[in-house]
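Dumped target_23.tsv below, it's TSV, C-alpha atoms:
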chain	number	residue	atom	x	y	z
A	16	MET	CA	223.32	187.78	134.98
A	17	ALA	CA	224.64	191.24	134.01
A	18	LYS	CA	228.33	191.96	133.94
A	19	SER	CA	229.69	194.38	136.52
A	20	PRO	CA	232.93	196.38	136.54
A	21	TYR	CA	235.92	195.00	138.43
A	22	ILE	CA	239.40	196.39	138.97
A	23	ALA	CA	242.49	194.18	138.70
A	24	ILE	CA	245.91	195.22	140.00
A	25	THR	CA	248.76	193.24	138.43
A	26	LEU	CA	252.53	193.36	138.80
A	27	PHE	CA	255.19	192.66	136.15
A	28	LYS	CA	258.97	192.39	136.27
A	29	PHE	CA	261.22	193.48	133.38
A	30	THR	CA	264.71	192.02	133.06
A	31	SER	CA	267.32	192.30	130.30
A	32	ASP	CA	270.58	190.82	129.10
A	33	ALA	CA	271.94	194.38	128.77
A	34	PRO	CA	275.01	195.09	130.93
A	35	ASP	CA	274.19	196.88	134.19
A	36	TYR	CA	270.42	196.57	133.60
A	37	VAL	CA	268.47	197.10	136.81
A	38	PRO	CA	265.16	195.20	136.96
A	39	LEU	CA	262.11	197.36	136.42
A	40	TYR	CA	258.65	196.66	137.84
A	41	ARG	CA	255.32	197.76	136.42
A	42	GLU	CA	251.96	197.84	138.16
A	43	ASP	CA	248.88	197.80	135.92
A	44	VAL	CA	245.36	198.80	136.93
A	45	SER	CA	242.81	197.20	134.62
A	46	LEU	CA	239.06	197.56	134.24
A	47	LEU	CA	237.28	194.26	133.62
A	48	TYR	CA	233.62	193.32	133.20
A	49	ALA	CA	232.49	190.02	134.68
A	50	GLU	CA	229.47	188.32	136.17
A	51	SER	CA	231.31	187.45	139.40
A	52	GLU	CA	234.54	188.05	141.26
A	53	VAL	CA	235.64	184.52	140.35
A	54	GLU	CA	235.15	185.27	136.64
A	55	ALA	CA	236.90	188.64	137.05
A	56	ARG	CA	239.91	186.92	138.64
A	57	GLU	CA	240.01	184.40	135.78
A	58	LEU	CA	239.96	187.25	133.23
A	59	ALA	CA	242.67	189.11	135.15
A	60	GLU	CA	244.88	185.99	135.17
A	61	ALA	CA	244.35	185.42	131.43
A	62	ASN	CA	245.12	189.07	130.55
A	63	PHE	CA	248.07	189.06	132.93
A	64	ARG	CA	249.65	185.95	131.38
A	65	SER	CA	249.19	187.29	127.82
A	66	ASP	CA	251.80	190.02	128.47
A	67	GLU	CA	254.57	187.47	129.14
A	68	GLY	CA	257.39	187.35	126.62
A	69	THR	CA	260.74	188.60	125.38
A	70	TYR	CA	261.45	191.31	122.81
A	71	LYS	CA	264.46	193.23	121.54
A	72	ASN	CA	264.71	196.86	122.59
A	73	GLU	CA	266.03	199.73	120.45
A	74	ALA	CA	269.62	198.94	121.49
A	75	GLY	CA	269.27	195.29	120.43
A	76	TYR	CA	269.16	193.78	123.92
A	77	ASN	CA	266.56	191.25	125.00
A	78	VAL	CA	263.96	192.49	127.46
A	79	THR	CA	261.88	189.87	129.23
A	80	VAL	CA	258.47	190.69	130.69
A	81	THR	CA	257.51	188.33	133.50
A	82	PRO	CA	254.05	188.45	135.07
A	83	THR	CA	254.76	188.43	138.80
A	84	THR	CA	251.40	188.41	140.57
A	85	VAL	CA	247.77	189.43	140.46
A	86	VAL	CA	247.83	191.73	143.48
A	87	ASP	CA	244.07	192.26	143.80
A	88	VAL	CA	240.77	191.85	142.01
A	89	ALA	CA	237.85	193.80	143.47
A	90	ALA	CA	234.47	195.08	142.42
A	91	ALA	CA	234.66	198.69	141.25
A	92	LEU	CA	233.42	201.17	143.84
A	93	ILE	CA	230.86	202.51	141.34
A	94	ASP	CA	228.48	200.53	139.14
A	95	ASP	CA	228.43	202.85	136.13
A	96	VAL	CA	232.00	203.74	135.24
A	97	SER	CA	230.83	205.87	132.32
A	98	GLU	CA	229.68	208.52	134.81
A	99	GLY	CA	233.08	208.74	136.52
A	100	GLY	CA	234.00	208.48	140.16
A	101	ASP	CA	236.28	206.46	142.39
A	102	LEU	CA	236.97	203.00	141.00
A	103	TYR	CA	239.29	201.41	143.54
A	104	SER	CA	240.76	202.18	146.93
A	105	ARG	CA	243.68	200.78	148.94
A	106	HIS	CA	244.75	201.58	152.48
A	107	PHE	CA	248.19	201.51	154.10
A	108	ARG	CA	249.88	202.51	157.34
A	109	ASP	CA	253.51	203.04	156.38
A	110	PHE	CA	253.64	206.35	154.48
A	111	GLU	CA	257.46	206.37	154.53
A	112	ALA	CA	257.59	203.04	152.66
A	113	TYR	CA	254.95	204.29	150.21
A	114	SER	CA	256.93	207.49	149.64
A	115	LYS	CA	260.05	205.51	148.76
A	116	TRP	CA	258.11	203.43	146.24
A	117	GLU	CA	255.96	206.10	144.59
A	118	PRO	CA	258.07	208.27	142.24
A	119	MET	CA	255.27	210.81	141.71
A	120	LEU	CA	255.75	212.03	145.30
A	121	ASP	CA	259.21	213.44	144.54
A	122	ASP	CA	257.77	216.89	143.91
In structure tokens, write the structure found in this file.
Amino acid sequence: MAKSPYIAITLFKFTSDAPDYVPLYREDVSLLYAESEVEARELAEANFRSDEGTYKNEAGYNVTVTPTTVVDVAAALIDDVSEGGDLYSRHFRDFEAYSKWEPMLDD
């Protein structure tokens, strides 16, 4: 069976022992190749867990990266990603909530 492209959306939380540190969240969008959605989800989980750990930042404080959840794994919307096009799509109803969350909308 040929491998097909899948998109994985994962969420991470960053914490630190630095005074007044405010937790930071990161959402990753990853391209995976798998023979099935089940295999794609397994790959997403393995990749997701590999980012877990603690490191020292430039100021000498510990920063801990905690994988929070695999939000979604879905087949890419196009079969040949080398030709470009839409890869993934999500829908929502609450634009106000989205606007508060998405910093790129500040302009």
Applying 9 Å and all atoms listed in the file, which residues near Ala33 in chain A remain after dropping the ones on its own chain fewer than 6 positions away? List them as a PDB file with C-alpha atoms, in the coordinates of the input.
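Output below, filename part.pdb:
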ATOM      1  CA  ALA A  74     269.620 198.940 121.490  1.00  0.00           C
ATOM      2  CA  GLY A  75     269.270 195.290 120.430  1.00  0.00           C
ATOM      3  CA  TYR A  76     269.160 193.780 123.920  1.00  0.00           C
ATOM      4  CA  ASN A  77     266.560 191.250 125.000  1.00  0.00           C
ATOM      5  CA  VAL A  78     263.960 192.490 127.460  1.00  0.00           C
TER       6      VAL A  78
END
Shortest contact to Val80 in chain A, candidates A:Tyr113, A:Phe63, A:Phe29, A:Tyr40, atoms counted all atoms listed in the file, goes to A:Phe29
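Our summary of the geometry notes that CA of Glu117 in chain A is positioned 23.1 Å from CA of Leu92 in chain A.
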Skip Ala90 in chain A itself and residues of its chain fewer than 5 positions away, then list as JSON, numbers by chain all residues within 12 Å of it, counting all atoms listed in the file. {"A": [18, 19, 20, 21, 22, 23, 24, 45, 46, 47, 48, 49, 50, 51, 52, 53, 54, 55, 56, 95, 96, 101, 102, 103, 104]}
Polymer residues at most 9 Å from Thr84 in chain A, all atoms listed in the file, same-chain spacing of 3 or more positions, as JSON, numbers by chain: {"A": [24, 25, 26, 27, 60, 63, 87]}
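If all atoms listed in the file are the atoms counted, then among A:Glu73, A:Thr81, A:Ala61, A:Asp66 the closest residue to Leu39 in chain A is A:Thr81.
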